[in-house]
Every structure is written in structure tokens, then in C-alpha cells.
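J.: Could you have a look at this structure, given as C-alpha cells, before my questions?
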Amino acid sequence: MKTDIFILAIRNRKNLQFLYGLQEINLEPYYITKNSFGKKVIYGRLRSTNEIRKFEYNKIANIRILESIRFSPLIPINSFAS
């Protein structure tokens, strides 16, 4: 169920809001994978920051897709690439 919600949000570039432990997180989700221990994780950028963080599935609760807010992925551009 969590995976379906995350995939929908990633495909439609919708922000997510969820509880991670006791902290409320607003996230621009980027991708889902497994960590070195075989546990599912989601990577994304915290809203209003440039920080990319990893969140473990088993600590995520009360997931909501924020329908009114869409995002554009942050793509770093090097000055010597052009």
C-alpha cells in the first residue's frame, strides 16, 4: 500500500506529507529502493531545503499526497557542462 502511494506521488510529481517517528515530514519524493540491509527506503528532497534524505518504510505513518502542490525535480547543473 505504501509503495502504491509513493509511486503515484513520484509519477505525478506530488509532494508527500507523513509522520516519520514523531516528526512531520514534507517531501518531494524521487525514488524507492532497498538499503544494504534489504529494507525498503524512499529518497526525496525535504521541502524548502536542498537536502536529499532517505526514509525507511517501517518508520513512516499517516501518508498524505498533497494534491495542490507539484514540484519539479532539482537537477544540478555544472558550469563546465555547457
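Chains: A, B, ... in order of the C-alpha cells. Residues: from 1 per chain. Ligands: from 1, in order shown.
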Would you please extract all alpha helix (DSSP H) residues from chain A, as assigned by DSSP on the backbone, and give them as a list in words?

T.: Lys2, Thr3, Asp4, Ile5, Phe6, Ile7, Leu8, Ala9, Ile10, Arg11 and Asn12 of chain A

J.: Could you save those same residues with N, CA, C and O atoms as a compact mmCIF listing (two decimals), in the first residue's frame?

T.:
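For reference, again34.txt as written:
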# COMPACT_ATOMS: atom_id res chain seq x y z
N LYS A 2 1.89 1.30 0.84
CA LYS A 2 2.77 2.46 0.88
C LYS A 2 3.44 2.66 -0.48
O LYS A 2 3.54 3.79 -0.96
N THR A 3 3.90 1.56 -1.07
CA THR A 3 4.58 1.64 -2.36
C THR A 3 3.67 2.25 -3.41
O THR A 3 4.11 3.10 -4.20
N ASP A 4 2.42 1.86 -3.45
CA ASP A 4 1.47 2.41 -4.43
C ASP A 4 1.31 3.91 -4.26
O ASP A 4 1.27 4.66 -5.24
N ILE A 5 1.21 4.37 -3.03
CA ILE A 5 1.07 5.80 -2.76
C ILE A 5 2.32 6.54 -3.20
O ILE A 5 2.25 7.59 -3.85
N PHE A 6 3.50 5.99 -2.87
CA PHE A 6 4.75 6.64 -3.24
C PHE A 6 4.94 6.69 -4.75
O PHE A 6 5.35 7.71 -5.30
N ILE A 7 4.62 5.60 -5.44
CA ILE A 7 4.77 5.57 -6.90
C ILE A 7 3.85 6.59 -7.55
O ILE A 7 4.25 7.30 -8.47
N LEU A 8 2.62 6.68 -7.08
CA LEU A 8 1.68 7.67 -7.61
C LEU A 8 2.21 9.09 -7.42
O LEU A 8 2.16 9.91 -8.34
N ALA A 9 2.75 9.37 -6.25
CA ALA A 9 3.29 10.71 -5.97
C ALA A 9 4.52 11.00 -6.83
O ALA A 9 4.67 12.11 -7.34
N ILE A 10 5.39 10.02 -7.02
CA ILE A 10 6.59 10.22 -7.84
C ILE A 10 6.21 10.47 -9.29
O ILE A 10 6.71 11.41 -9.92
N ARG A 11 5.32 9.66 -9.83
CA ARG A 11 4.91 9.80 -11.23
C ARG A 11 4.24 11.14 -11.50
O ARG A 11 4.44 11.75 -12.55
N ASN A 12 3.41 11.61 -10.57
CA ASN A 12 2.67 12.85 -10.76
C ASN A 12 3.37 14.07 -10.17
O ASN A 12 2.80 15.16 -10.16

J.: Extract, using only C-alpha atoms, all DNA, RNA and protein residues at most 8 Å from A:Asn62, discarding same-chain residues fewer than 6 positions from it, and format them as JSON, numbers by chain.

T.: {"A": [17, 18, 19]}

J.: Would you compute the distance between atom CA of A:Arg13 and atom CA of A:Gly38? Give it in Å to one decimal.

T.: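 Those two atoms sit 26.1 Å apart.
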
J.: Excluding stretch 30-33 of chain A and any residue of its chain fewer than 5 positions from it, enumerate the residues within 6 Å of it, using only C-alpha atoms, and give them as a list in words.

T.: Lys40, Val41, Ile42, Tyr43 and Gly44 of chain A

J.: Smallest atom-to-atom distance to A:Met1: which of A:Leu27, A:Ile63, A:Leu46, A:Leu22, using only C-alpha atoms?

T.: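 With only C-alpha atoms as the atom set, the closest residue is A:Ile63.
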
J.: In terms of the shortest atom-to-atom distance over only C-alpha atoms, which of A:Arg45, A:Asn35, A:Pro29, A:Tyr20 is closest to A:Asn58?

T.: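 Result for the nearest residue to A:Asn58: A:Tyr20.
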
J.: Out of A:Arg47, A:Arg53, A:Lys59, A:Lys39, which residue has the shortest atom-to-atom distance to A:Leu16 when counting only C-alpha atoms?

T.: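 That would be A:Arg47, the residue with the smallest distance to A:Leu16.
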
J.: Quick one: pull the distance between atom CA of A:Lys14 and atom CA of A:Ile65, Å, one decimal.

T.: 6.5 Å

J.: Name the residues in contact with A:Ser48 at a cut-off of 12 Å, using only C-alpha atoms, excluding same-chain residues fewer than 3 positions from it; report them as a list of chain:residue names.

T.: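 Counting only C-alpha atoms, the residues come to A:Asn15, A:Ile25, A:Asn26, A:Leu27, A:Glu28, A:Arg45, A:Glu51, A:Ile52, A:Phe71, A:Leu74.
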
J.: Could you give me, as a ChimeraX atom specification, each residue of stretch 29-63 of chain A that DSSP assigns to strand (DSSP E) when run on this structure's backbone?

T.: /A:29-34,40-46,52-56,60-63
